[in-house]
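Trainee: This is the structure I want to talk about, given as structure tokens.
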Amino acid sequence: MNRNMVFISHMDAALAQAEAAAARGEVPVGAVIVDAAGQVVAQAGNRTRELCDPSAHAEILAIRQACARIGSERLLGHALYVTLEPCAMCAGAIAAARLARLYYGAGDPKSGGVANGARVFAHPQCHHRPEVYDGISADRAEAQLRRFFKGRRP
């Protein structure tokens, strides 16, 4: 690795996508995919309610957008930034897309599929395991989720 490289987080853009999702009445989760040069190739927020599609999670939408943009089902060398730990479905899509790195904010003890729950990348059936970095802007992502759910849950 080039020691002169500087890590630049794209979590602010993911948080902005999450905020836009909340404004649409969706659970505030945002995702951004960047190529190996750090250029944004896709970004999305949850749209499950809007599209009446349980698979329309931010990660899935961003993966679809990025694959269409580059003309391949594989996102080799790309990184995904997402505000919440991906669920098992999204972790499976991340592995299938061969994303190189996953950066996520808040952990999800209830529905997570990376560090919690299914731990998809730990299974021998998982053909690709991205590098995983958690806790990126976790406090901000958690605050977004708390604000959204405040008053919605008894």
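In the structure tokens, each chain is lettered A, B, ... as it comes, each chain's residues begin at 1, and ligands are numbered from 1 in order of appearance.
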List as a tab-separated table every residue of region 121-142 of chain A that is in contact with region 109-115 of chain A, defined as an atom at most 9 Å from one of its atoms (using only C-alpha atoms), together with the nearest atom pair and the distance in Å rounded to one decimal, sorted by chain and then rising number.

Mentor:
residue	atom	partner	partner_atom	distance
A:Phe121	CA	A:Val114	CA	6.5
A:Ala122	CA	A:Val114	CA	8.2
A:Val132	CA	A:Val114	CA	8.6
A:Asp134	CA	A:Ala115	CA	8.9

Trainee: What are the closest atom pairs, with distances in Å to one decimal, for each residue of region 100-136 of chain A lying within 12 Å of region 62-77 of chain A, using only C-alpha atoms, rows by chain and rising residue number, as a tab-separated table?

Mentor:
residue	atom	partner	partner_atom	distance
A:Ala100	CA	A:Gly77	CA	5.1
A:Arg101	CA	A:Gly77	CA	7.8
A:Leu102	CA	A:Gly77	CA	11.1
A:His128	CA	A:Leu76	CA	10.9
A:Arg129	CA	A:Leu76	CA	11.9
A:Pro130	CA	A:Gly77	CA	9.9
A:Glu131	CA	A:Gly77	CA	11.0

Trainee: I'd like the contact shell of Arg47 (chain A) - 12 Å cut-off, only C-alpha atoms, skipping same-chain residues fewer than 6 positions apart - returned as a list in words.

Mentor: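 Skipping anything fewer than 6 positions along the chain leaves Gln17, Ala18, Ala20, Ala21, Ala22, Ala23, Arg24, Gly25, Glu26, Val27, Pro28, Val29, Gly30, Ala31, Asp53, Pro54, Ser55, Ala56, His57, Ala58, Glu59, Ile60, Leu61 and Ala62 of chain A.
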
Trainee: Taking the chain letters and numbering used in this document, name the residues of region 87-153 of chain A that DSSP puts in alpha helix (DSSP H), as a list in words.

Mentor: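 Secondary structure check on region 87-153 of chain A, alpha helix (DSSP H): Ala88, Met89, Cys90, Ala91, Gly92, Ala93, Ile94, Ala95, Ala96, Ala97, Ala138, Asp139, Arg140, Ala141, Glu142, Ala143, Gln144, Leu145, Arg146, Arg147, Phe148 and Phe149 of chain A.
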
Trainee: Output all heavy atoms for every residue in that selection, as a short mmCIF file (atom, residue, chain, number, x, y, z; two decimals), in the first residue's frame.

Mentor:
data_model
loop_
_atom_site.label_atom_id
_atom_site.label_comp_id
_atom_site.auth_asym_id
_atom_site.auth_seq_id
_atom_site.Cartn_x
_atom_site.Cartn_y
_atom_site.Cartn_z
N ALA A 88 -28.36 -9.43 6.72
CA ALA A 88 -27.86 -10.63 6.04
C ALA A 88 -28.07 -10.55 4.52
O ALA A 88 -27.18 -10.93 3.75
CB ALA A 88 -28.53 -11.87 6.61
N MET A 89 -29.22 -10.04 4.09
CA MET A 89 -29.48 -9.90 2.65
C MET A 89 -28.46 -8.99 2.00
O MET A 89 -27.88 -9.33 0.96
CB MET A 89 -30.90 -9.34 2.43
CG MET A 89 -31.20 -9.01 0.97
SD MET A 89 -32.83 -8.26 0.73
CE MET A 89 -32.59 -6.65 1.47
N CYS A 90 -28.20 -7.87 2.61
CA CYS A 90 -27.25 -6.90 2.05
C CYS A 90 -25.82 -7.43 2.12
O CYS A 90 -25.04 -7.24 1.18
CB CYS A 90 -27.38 -5.56 2.75
SG CYS A 90 -28.97 -4.76 2.38
N ALA A 91 -25.48 -8.13 3.20
CA ALA A 91 -24.15 -8.71 3.30
C ALA A 91 -23.94 -9.74 2.19
O ALA A 91 -22.86 -9.80 1.58
CB ALA A 91 -23.95 -9.35 4.67
N GLY A 92 -24.97 -10.52 1.88
CA GLY A 92 -24.88 -11.47 0.77
C GLY A 92 -24.66 -10.76 -0.56
O GLY A 92 -23.85 -11.21 -1.38
N ALA A 93 -25.34 -9.64 -0.76
CA ALA A 93 -25.16 -8.87 -2.00
C ALA A 93 -23.76 -8.25 -2.07
O ALA A 93 -23.16 -8.19 -3.15
CB ALA A 93 -26.23 -7.79 -2.11
N ILE A 94 -23.25 -7.81 -0.93
CA ILE A 94 -21.90 -7.23 -0.87
C ILE A 94 -20.88 -8.29 -1.28
O ILE A 94 -19.97 -8.03 -2.06
CB ILE A 94 -21.62 -6.68 0.55
CG1 ILE A 94 -22.46 -5.43 0.79
CG2 ILE A 94 -20.14 -6.42 0.76
CD1 ILE A 94 -22.58 -5.02 2.26
N ALA A 95 -21.05 -9.50 -0.76
CA ALA A 95 -20.14 -10.59 -1.12
C ALA A 95 -20.28 -10.93 -2.60
O ALA A 95 -19.27 -11.10 -3.30
CB ALA A 95 -20.43 -11.82 -0.25
N ALA A 96 -21.50 -11.02 -3.10
CA ALA A 96 -21.73 -11.37 -4.51
C ALA A 96 -21.14 -10.33 -5.45
O ALA A 96 -20.63 -10.66 -6.52
CB ALA A 96 -23.22 -11.56 -4.77
N ALA A 97 -21.21 -9.06 -5.04
CA ALA A 97 -20.67 -7.97 -5.87
C ALA A 97 -19.15 -7.87 -5.76
O ALA A 97 -18.53 -7.12 -6.51
CB ALA A 97 -21.31 -6.65 -5.47
N ALA A 138 -20.27 6.42 13.87
CA ALA A 138 -21.34 5.64 14.49
C ALA A 138 -22.26 6.51 15.34
O ALA A 138 -23.48 6.32 15.32
CB ALA A 138 -20.75 4.52 15.34
N ASP A 139 -21.70 7.47 16.07
CA ASP A 139 -22.53 8.31 16.94
C ASP A 139 -23.55 9.10 16.12
O ASP A 139 -24.71 9.22 16.50
CB ASP A 139 -21.67 9.23 17.80
CG ASP A 139 -20.67 10.06 17.00
OD1 ASP A 139 -20.37 9.73 15.82
OD2 ASP A 139 -20.15 11.04 17.56
N ARG A 140 -23.14 9.61 14.98
CA ARG A 140 -24.06 10.38 14.13
C ARG A 140 -25.12 9.48 13.51
O ARG A 140 -26.30 9.84 13.42
CB ARG A 140 -23.28 11.13 13.05
CG ARG A 140 -22.40 12.24 13.65
CD ARG A 140 -21.46 12.86 12.66
NE ARG A 140 -22.14 13.41 11.50
CZ ARG A 140 -21.54 13.64 10.33
NH1 ARG A 140 -20.26 13.37 10.17
NH2 ARG A 140 -22.22 14.14 9.32
N ALA A 141 -24.72 8.29 13.07
CA ALA A 141 -25.67 7.35 12.48
C ALA A 141 -26.68 6.88 13.52
O ALA A 141 -27.89 6.82 13.24
CB ALA A 141 -24.92 6.15 11.89
N GLU A 142 -26.21 6.59 14.72
CA GLU A 142 -27.11 6.18 15.80
C GLU A 142 -28.08 7.29 16.16
O GLU A 142 -29.26 7.04 16.40
CB GLU A 142 -26.30 5.76 17.03
CG GLU A 142 -25.54 4.46 16.83
CD GLU A 142 -24.47 4.21 17.88
OE1 GLU A 142 -24.31 5.05 18.81
OE2 GLU A 142 -23.79 3.18 17.77
N ALA A 143 -27.60 8.53 16.18
CA ALA A 143 -28.46 9.67 16.50
C ALA A 143 -29.56 9.82 15.44
O ALA A 143 -30.71 10.12 15.79
CB ALA A 143 -27.64 10.95 16.61
N GLN A 144 -29.22 9.64 14.17
CA GLN A 144 -30.23 9.71 13.10
C GLN A 144 -31.32 8.67 13.34
O GLN A 144 -32.51 8.98 13.23
CB GLN A 144 -29.61 9.43 11.73
CG GLN A 144 -29.02 10.61 11.04
CD GLN A 144 -28.55 10.24 9.63
OE1 GLN A 144 -28.13 9.12 9.36
NE2 GLN A 144 -28.61 11.21 8.74
N LEU A 145 -30.91 7.46 13.64
CA LEU A 145 -31.87 6.39 13.87
C LEU A 145 -32.73 6.66 15.10
O LEU A 145 -33.96 6.48 15.05
CB LEU A 145 -31.14 5.05 14.01
CG LEU A 145 -30.54 4.52 12.71
CD1 LEU A 145 -29.45 3.49 12.99
CD2 LEU A 145 -31.63 3.94 11.82
N ARG A 146 -32.11 7.12 16.19
CA ARG A 146 -32.89 7.45 17.40
C ARG A 146 -33.93 8.53 17.11
O ARG A 146 -35.08 8.42 17.54
CB ARG A 146 -31.96 7.89 18.53
CG ARG A 146 -31.37 6.73 19.31
CD ARG A 146 -30.74 7.19 20.62
NE ARG A 146 -29.68 8.17 20.45
CZ ARG A 146 -28.42 7.88 20.16
NH1 ARG A 146 -28.05 6.63 20.01
NH2 ARG A 146 -27.53 8.83 20.03
N ARG A 147 -33.52 9.59 16.41
CA ARG A 147 -34.46 10.67 16.07
C ARG A 147 -35.63 10.13 15.25
O ARG A 147 -36.78 10.48 15.49
CB ARG A 147 -33.76 11.79 15.28
CG ARG A 147 -33.00 12.78 16.11
CD ARG A 147 -32.60 14.02 15.32
NE ARG A 147 -31.90 13.75 14.08
CZ ARG A 147 -30.59 13.55 13.96
NH1 ARG A 147 -29.81 13.58 15.03
NH2 ARG A 147 -30.05 13.32 12.78
N PHE A 148 -35.33 9.29 14.29
CA PHE A 148 -36.37 8.76 13.41
C PHE A 148 -37.37 7.91 14.19
O PHE A 148 -38.58 8.04 14.00
CB PHE A 148 -35.73 7.93 12.28
CG PHE A 148 -36.74 7.35 11.33
CD1 PHE A 148 -37.30 8.12 10.34
CD2 PHE A 148 -37.12 6.03 11.44
CE1 PHE A 148 -38.22 7.59 9.46
CE2 PHE A 148 -38.05 5.47 10.56
CZ PHE A 148 -38.60 6.26 9.58
N PHE A 149 -36.87 7.04 15.05
CA PHE A 149 -37.75 6.11 15.74
C PHE A 149 -38.38 6.69 17.01
O PHE A 149 -39.33 6.11 17.53
CB PHE A 149 -37.01 4.81 16.06
CG PHE A 149 -36.80 3.95 14.86
CD1 PHE A 149 -35.53 3.72 14.37
CD2 PHE A 149 -37.89 3.39 14.20
CE1 PHE A 149 -35.34 2.93 13.25
CE2 PHE A 149 -37.70 2.60 13.08
CZ PHE A 149 -36.42 2.36 12.59
#

Trainee: Give the strand (DSSP E) residues of region 82-111 of chain A, as assigned by DSSP on the backbone, as a count of residues only.

Mentor: 9

Trainee: Counting only C-alpha atoms, what is within 12 Å of Val40 (chain A), bar same-chain residues fewer than 2 positions away, as a ChimeraX atom specification?

Mentor: /A:8-11,13-14,31-38,42-44,62,65-66,69-70,78-81

Trainee: Produce a file of the selected residues containing N, CA, C and O atoms, as a compact mmCIF listing (two decimals), in the first residue's frame.

Mentor:
# COMPACT_ATOMS: atom_id res chain seq x y z
N ILE A 8 -9.86 8.93 3.04
CA ILE A 8 -10.94 9.92 2.99
C ILE A 8 -12.25 9.18 3.16
O ILE A 8 -12.59 8.33 2.33
N SER A 9 -12.96 9.48 4.21
CA SER A 9 -14.23 8.83 4.46
C SER A 9 -15.33 9.48 3.63
O SER A 9 -15.36 10.69 3.45
N HIS A 10 -16.23 8.65 3.17
CA HIS A 10 -17.40 9.12 2.42
C HIS A 10 -18.66 8.94 3.26
O HIS A 10 -19.77 8.93 2.72
N MET A 11 -18.47 8.81 4.57
CA MET A 11 -19.61 8.59 5.45
C MET A 11 -20.52 9.82 5.52
O MET A 11 -21.73 9.67 5.68
N ALA A 13 -21.46 11.65 3.05
CA ALA A 13 -22.39 11.49 1.93
C ALA A 13 -23.42 10.41 2.24
O ALA A 13 -24.61 10.56 1.90
N ALA A 14 -23.00 9.33 2.89
CA ALA A 14 -23.94 8.28 3.28
C ALA A 14 -24.94 8.80 4.31
O ALA A 14 -26.14 8.51 4.23
N ALA A 31 -26.19 4.81 1.74
CA ALA A 31 -25.03 4.08 1.25
C ALA A 31 -24.37 4.82 0.11
O ALA A 31 -25.05 5.46 -0.69
N VAL A 32 -23.05 4.71 0.05
CA VAL A 32 -22.26 5.33 -1.01
C VAL A 32 -21.21 4.31 -1.45
O VAL A 32 -20.57 3.68 -0.61
N ILE A 33 -21.03 4.18 -2.75
CA ILE A 33 -19.99 3.30 -3.29
C ILE A 33 -18.97 4.16 -4.03
O ILE A 33 -19.35 5.02 -4.83
N VAL A 34 -17.70 3.91 -3.73
CA VAL A 34 -16.62 4.64 -4.38
C VAL A 34 -15.69 3.64 -5.08
O VAL A 34 -15.55 2.49 -4.64
N ASP A 35 -15.09 4.09 -6.17
CA ASP A 35 -14.15 3.23 -6.89
C ASP A 35 -12.78 3.28 -6.23
O ASP A 35 -12.59 3.95 -5.21
N ALA A 36 -11.82 2.58 -6.81
CA ALA A 36 -10.49 2.49 -6.22
C ALA A 36 -9.79 3.84 -6.12
O ALA A 36 -8.94 4.04 -5.27
N ALA A 37 -10.19 4.78 -6.98
CA ALA A 37 -9.61 6.13 -6.95
C ALA A 37 -10.33 7.04 -5.97
O ALA A 37 -9.96 8.20 -5.80
N GLY A 38 -11.37 6.53 -5.32
CA GLY A 38 -12.11 7.33 -4.34
C GLY A 38 -13.22 8.17 -4.94
O GLY A 38 -13.81 9.01 -4.25
N ALA A 42 -21.90 5.62 -6.95
CA ALA A 42 -23.31 5.38 -6.65
C ALA A 42 -23.61 5.83 -5.23
O ALA A 42 -22.75 5.78 -4.36
N GLN A 43 -24.86 6.26 -5.03
CA GLN A 43 -25.32 6.58 -3.68
C GLN A 43 -26.82 6.42 -3.63
O GLN A 43 -27.51 6.65 -4.62
N ALA A 44 -27.30 5.97 -2.47
CA ALA A 44 -28.73 5.70 -2.33
C ALA A 44 -29.10 5.69 -0.86
O ALA A 44 -28.25 5.52 0.01
N ALA A 62 -27.62 0.97 -4.08
CA ALA A 62 -26.32 1.50 -4.48
C ALA A 62 -25.53 0.48 -5.29
O ALA A 62 -24.89 0.84 -6.29
N GLN A 65 -26.98 0.38 -8.78
CA GLN A 65 -26.60 1.59 -9.50
C GLN A 65 -25.14 1.54 -9.94
O GLN A 65 -24.81 1.85 -11.09
N ALA A 66 -24.25 1.12 -9.05
CA ALA A 66 -22.83 1.06 -9.37
C ALA A 66 -22.56 0.01 -10.45
O ALA A 66 -21.78 0.28 -11.39
N ARG A 69 -23.64 1.34 -13.72
CA ARG A 69 -22.76 2.42 -14.18
C ARG A 69 -21.47 1.89 -14.78
O ARG A 69 -20.99 2.40 -15.79
N ILE A 70 -20.88 0.87 -14.15
CA ILE A 70 -19.60 0.36 -14.67
C ILE A 70 -19.79 -0.78 -15.66
O ILE A 70 -18.83 -1.22 -16.29
N HIS A 78 -13.83 -1.64 -5.33
CA HIS A 78 -14.75 -0.61 -4.84
C HIS A 78 -14.98 -0.76 -3.33
O HIS A 78 -14.81 -1.84 -2.77
N ALA A 79 -15.42 0.34 -2.72
CA ALA A 79 -15.73 0.35 -1.29
C ALA A 79 -17.15 0.85 -1.08
O ALA A 79 -17.63 1.72 -1.81
N LEU A 80 -17.80 0.28 -0.10
CA LEU A 80 -19.16 0.67 0.27
C LEU A 80 -19.12 1.32 1.64
O LEU A 80 -18.56 0.76 2.59
N TYR A 81 -19.72 2.49 1.75
CA TYR A 81 -19.92 3.18 3.02
C TYR A 81 -21.41 3.13 3.30
O TYR A 81 -22.22 3.53 2.45

Trainee: For CA of Glu85 (chain A) and CA of Pro124 (chain A), determine how far apart the two atoms are, in Å to one decimal place.

Mentor: 20.4 Å

Trainee: Which residues are near Gly105 (chain A)? Cut-off 6 Å, only C-alpha atoms, ignore same chain within fewer than 6 positions. Put them as a list in words.

Mentor: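 The neighbour list is Thr83, Leu84, Asp134, Gly135, Ile136, Ser137 and Ala138 of chain A.
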